[in-house]
>>> print(open('query_29.tsv').read())   # TSV, C-alpha atoms
chain	number	residue	atom	x	y	z
A	1	MET	CA	33.24	57.12	-7.24
A	2	GLU	CA	31.76	53.62	-7.35
A	3	THR	CA	30.54	51.74	-10.36
A	4	MET	CA	27.15	50.10	-9.93
A	5	HIS	CA	25.92	47.04	-11.76
A	6	ALA	CA	22.17	47.57	-12.39
A	7	ALA	CA	21.10	43.94	-12.17
A	8	GLY	CA	21.69	42.76	-8.63
A	9	ARG	CA	23.20	45.99	-7.26
A	10	ARG	CA	26.72	44.60	-7.18
A	11	ARG	CA	29.34	47.16	-6.14
A	12	LEU	CA	32.46	47.21	-8.27
A	13	PRO	CA	35.79	48.84	-7.36
A	14	PRO	CA	36.26	52.41	-8.57
A	15	VAL	CA	37.87	53.00	-11.95
A	16	PRO	CA	41.25	54.74	-11.54
A	17	ARG	CA	41.28	58.32	-12.82
A	18	SER	CA	44.77	58.13	-14.33
A	19	ALA	CA	47.39	55.55	-15.18
A	20	ARG	CA	49.39	56.66	-12.11
A	21	ASP	CA	46.44	55.73	-9.90
A	22	VAL	CA	46.30	52.12	-11.15
A	23	ASP	CA	48.84	50.82	-8.64
A	24	ALA	CA	47.32	52.80	-5.77
A	25	ALA	CA	43.74	51.68	-6.51
A	26	LEU	CA	44.69	48.04	-6.99
A	27	PRO	CA	47.51	47.34	-4.54
A	28	HIS	CA	47.65	43.59	-5.25
A	29	PRO	CA	45.91	43.07	-8.58
A	30	ASP	CA	46.68	40.31	-10.95
A	31	LEU	CA	48.23	41.31	-14.26
A	32	ALA	CA	44.91	41.10	-16.15
A	33	GLN	CA	43.24	43.53	-13.71
A	34	ARG	CA	46.15	45.92	-14.03
A	35	PHE	CA	45.94	45.72	-17.85
A	36	VAL	CA	42.21	46.51	-17.85
A	37	ALA	CA	42.60	49.35	-15.33
A	38	ARG	CA	45.38	50.89	-17.42
A	39	LEU	CA	43.20	50.88	-20.57
A	40	ARG	CA	40.19	52.30	-18.75
A	41	SER	CA	42.25	55.07	-17.18
A	42	ALA	CA	43.65	56.04	-20.61
A	43	ALA	CA	40.26	57.33	-21.89
A	44	ALA	CA	41.20	61.01	-21.51
A	45	ASP	CA	44.50	60.39	-23.31
A	46	PHE	CA	42.60	58.66	-26.14
A	47	ALA	CA	40.29	61.67	-26.47
A	48	ALA	CA	43.23	64.09	-26.56
A	49	ALA	CA	45.08	62.02	-29.19
A	50	ALA	CA	41.97	61.89	-31.39
A	51	GLY	CA	41.13	65.57	-30.97
A	52	ALA	CA	37.83	64.54	-29.37
A	53	GLU	CA	35.97	66.20	-26.53
A	54	SER	CA	35.74	62.99	-24.52
A	55	ALA	CA	36.26	59.24	-24.71
A	56	VAL	CA	34.86	56.22	-22.92
A	57	VAL	CA	36.51	52.81	-22.87
A	58	ARG	CA	33.45	50.59	-23.29
A	59	GLU	CA	35.36	47.32	-23.31
A	60	ALA	CA	38.83	46.26	-22.20
A	61	VAL	CA	39.85	42.61	-22.49
A	62	PRO	CA	43.31	41.50	-21.42
A	63	PRO	CA	45.31	39.23	-23.68
A	64	ALA	CA	45.68	35.55	-23.00
A	65	ARG	CA	47.59	32.72	-24.62
A	66	HIS	CA	44.55	31.98	-26.81
A	67	ARG	CA	43.09	35.51	-27.06
A	68	ARG	CA	44.26	38.88	-28.33
A	69	ALA	CA	44.02	42.04	-26.27
A	70	ARG	CA	40.91	44.06	-27.10
A	71	CYS	CA	39.77	47.60	-26.44
A	72	ARG	CA	36.60	49.36	-27.57
A	73	VAL	CA	36.60	53.16	-27.38
A	74	VAL	CA	33.77	55.60	-28.04
A	75	LEU	CA	34.96	59.10	-28.92
A	76	ARG	CA	32.67	62.14	-28.73
A	77	TYR	CA	33.61	65.19	-30.78
A	78	PRO	CA	32.60	68.81	-30.08
A	79	ASP	CA	30.03	68.70	-32.91
A	80	GLY	CA	28.20	65.86	-31.11
A	81	ARG	CA	29.42	63.14	-33.47
A	82	GLU	CA	30.38	59.82	-31.88
A	83	VAL	CA	32.89	57.35	-33.27
A	84	ASP	CA	32.93	53.80	-31.90
A	85	LEU	CA	36.22	51.98	-32.55
A	86	SER	CA	37.49	48.51	-31.65
A	87	PHE	CA	41.20	47.74	-31.36
A	88	LEU	CA	42.98	44.39	-31.28
A	89	GLY	CA	46.45	43.92	-29.85
A	90	PRO	CA	48.76	40.98	-29.32
A	91	ALA	CA	47.93	37.72	-27.56
A	92	GLY	CA	50.00	36.45	-24.63
A	93	GLU	CA	50.53	37.32	-21.00
A	94	PRO	CA	49.06	40.69	-19.87
A	95	GLY	CA	52.28	41.62	-18.05
A	96	SER	CA	54.74	41.03	-20.90
A	97	PRO	CA	56.51	44.11	-22.30
A	98	SER	CA	54.60	44.27	-25.61
A	99	ARG	CA	51.25	44.25	-23.77
A	100	HIS	CA	52.20	47.26	-21.64
A	101	GLY	CA	52.23	49.39	-24.78
A	102	PHE	CA	48.72	48.61	-26.03
A	103	ASP	CA	47.33	51.91	-24.70
A	104	ARG	CA	50.26	53.80	-26.27
A	105	GLN	CA	49.71	52.02	-29.59
A	106	ILE	CA	46.04	53.05	-29.57
A	107	ARG	CA	46.96	56.67	-28.77
A	108	ARG	CA	49.53	56.64	-31.55
A	109	TRP	CA	46.97	55.33	-34.09
A	110	LEU	CA	44.39	57.90	-32.99
A	111	GLY	CA	46.94	60.72	-33.26
A	112	ALA	CA	48.09	59.59	-36.72
A	113	GLY	CA	44.75	60.53	-38.27
A	114	GLN	CA	42.68	57.38	-37.71
A	115	VAL	CA	43.28	56.11	-41.23
A	116	LEU	CA	41.36	52.93	-41.98
A	117	ALA	CA	43.18	50.67	-44.43
A	118	ASP	CA	42.41	47.11	-45.45
A	119	SER	CA	45.90	45.98	-44.43
A	120	TRP	CA	45.20	46.55	-40.72
A	121	LEU	CA	41.43	46.22	-40.50
A	122	VAL	CA	40.25	42.76	-39.51
A	123	PRO	CA	36.74	41.29	-39.43
A	124	ASP	CA	35.35	41.39	-35.91
A	125	PRO	CA	31.78	40.30	-35.26
A	126	ASP	CA	31.85	41.95	-31.81
A	127	ALA	CA	32.74	45.40	-33.19
A	128	PRO	CA	29.84	47.78	-33.90
A	129	ASP	CA	30.72	48.10	-37.60
A	130	GLY	CA	32.04	44.55	-37.96
A	131	VAL	CA	35.75	45.48	-38.17
A	132	ALA	CA	38.53	46.22	-35.69
A	133	VAL	CA	41.84	48.04	-36.03
A	134	ASP	CA	44.71	45.58	-35.61
A	135	VAL	CA	47.28	47.92	-34.06
A	136	SER	CA	50.02	45.30	-34.37
A	137	ALA	CA	49.48	45.14	-38.16
A	138	TRP	CA	49.27	48.95	-38.34
A	139	LEU	CA	52.62	49.31	-36.55
A	140	ALA	CA	54.19	46.71	-38.84
A	141	ALA	CA	52.97	48.64	-41.91
A	142	ALA	CA	54.07	52.03	-40.58
>>> encode(input="query_29.tsv", output="C-alpha cells")
Amino acid sequence: METMHAAGRRRLPPVPRSARDVDAALPHPDLAQRFVARLRSAAADFAAAAGAESAVVREAVPPARHRRARCRVVLRYPDGREVDLSFLGPAGEPGSPSRHGFDRQIRRWLGAGQVLADSWLVPDPDAPDGVAVDVSAWLAAA
C-alpha cells in the first residue's frame, strides 16, 4: 500500500502495519522516522485500548531538544461518534528510553478511561479543541 500526496503526486513510503514491521519497512531509518512509524503503526492498539472501532494517527511529531513529542489520534466508535485527541510527550532525542514508551503511555491513558483533568490538560493551539493531554503530567499524577 502506498500513500499518495495529492498535490504533486509525490509517492511516500508505505506505513507499517504493525510495530514489528517498523524495522523491516525502514531498514536504515533515522530515529525520528522510526519514532513516527511506531506511532502510526500503533493506531489499532489505540483503538483497542479506547474501546473504539478504529483509530487513525493524524499527526505524529518526534521529540527534539526544543520540541515535545506530539501525537494526534482520531478514534471512531461503533455508534459513529468520533473523538479527536492530541497528546504531548517529553522533549529530547527520539531514540532515548523515555521516548520509546510514548505509544504505550497513550494506550495506557486511553485504557484508563480517558479522564480529562486540568492537571494534565495543556493549552495547545494546534489541537482541534485547543487542549492536549500531557501524558507525562498524567503519569506523574497517577
>>> closest_residue(input="query_29.tsv", among="A:Ile106, A:Val133, A:Ala69, A:Val122", to="Ala43 of chain A", atoms="all atoms listed in the file")
A:Ile106
>>> residues_around(input="query_29.tsv", residues="segment 48-60 of chain A", least_positions_apart="5", cutoff="12 Å", atoms="all atoms listed in the file", output="CSV table (one decimal) with C-alpha atoms, keeping the file's coordinate frame")
chain,number,residue,atom,x,y,z
A,15,VAL,CA,37.9,53.0,-12.0
A,32,ALA,CA,44.9,41.1,-16.2
A,33,GLN,CA,43.2,43.5,-13.7
A,34,ARG,CA,46.2,45.9,-14.0
A,35,PHE,CA,45.9,45.7,-17.8
A,36,VAL,CA,42.2,46.5,-17.8
A,37,ALA,CA,42.6,49.4,-15.3
A,38,ARG,CA,45.4,50.9,-17.4
A,39,LEU,CA,43.2,50.9,-20.6
A,40,ARG,CA,40.2,52.3,-18.8
A,41,SER,CA,42.2,55.1,-17.2
A,42,ALA,CA,43.6,56.0,-20.6
A,43,ALA,CA,40.3,57.3,-21.9
A,68,ARG,CA,44.3,38.9,-28.3
A,69,ALA,CA,44.0,42.0,-26.3
A,70,ARG,CA,40.9,44.1,-27.1
A,71,CYS,CA,39.8,47.6,-26.4
A,72,ARG,CA,36.6,49.4,-27.6
A,73,VAL,CA,36.6,53.2,-27.4
A,74,VAL,CA,33.8,55.6,-28.0
A,75,LEU,CA,35.0,59.1,-28.9
A,76,ARG,CA,32.7,62.1,-28.7
A,77,TYR,CA,33.6,65.2,-30.8
A,78,PRO,CA,32.6,68.8,-30.1
A,79,ASP,CA,30.0,68.7,-32.9
A,80,GLY,CA,28.2,65.9,-31.1
A,81,ARG,CA,29.4,63.1,-33.5
A,82,GLU,CA,30.4,59.8,-31.9
A,83,VAL,CA,32.9,57.4,-33.3
A,84,ASP,CA,32.9,53.8,-31.9
A,85,LEU,CA,36.2,52.0,-32.6
A,86,SER,CA,37.5,48.5,-31.6
A,87,PHE,CA,41.2,47.7,-31.4
A,88,LEU,CA,43.0,44.4,-31.3
A,89,GLY,CA,46.4,43.9,-29.8
A,94,PRO,CA,49.1,40.7,-19.9
A,102,PHE,CA,48.7,48.6,-26.0
A,103,ASP,CA,47.3,51.9,-24.7
A,104,ARG,CA,50.3,53.8,-26.3
A,105,GLN,CA,49.7,52.0,-29.6
A,106,ILE,CA,46.0,53.0,-29.6
A,107,ARG,CA,47.0,56.7,-28.8
A,108,ARG,CA,49.5,56.6,-31.6
A,109,TRP,CA,47.0,55.3,-34.1
A,110,LEU,CA,44.4,57.9,-33.0
A,111,GLY,CA,46.9,60.7,-33.3
A,112,ALA,CA,48.1,59.6,-36.7
A,113,GLY,CA,44.8,60.5,-38.3
A,114,GLN,CA,42.7,57.4,-37.7
A,115,VAL,CA,43.3,56.1,-41.2
A,126,ASP,CA,31.8,42.0,-31.8
A,127,ALA,CA,32.7,45.4,-33.2
A,128,PRO,CA,29.8,47.8,-33.9
>>> atom_distance(input="query_29.tsv", atom1="atom CA of Glu93 of chain A", atom2="atom CA of Trp138 of chain A")
20.9 Å
>>> atom_distance(input="query_29.tsv", atom1="atom CA of Ala91 of chain A", atom2="atom CA of Pro125 of chain A")
18.1 Å
>>> atom_distance(input="query_29.tsv", atom1="atom CA of Leu121 of chain A", atom2="atom CA of Ser136 of chain A")
10.6 Å
>>> closest_residue(input="query_29.tsv", among="A:Ala117, A:Asp124, A:Arg67, A:Pro62", to="Ala137 of chain A", atoms="all atoms listed in the file")
A:Ala117
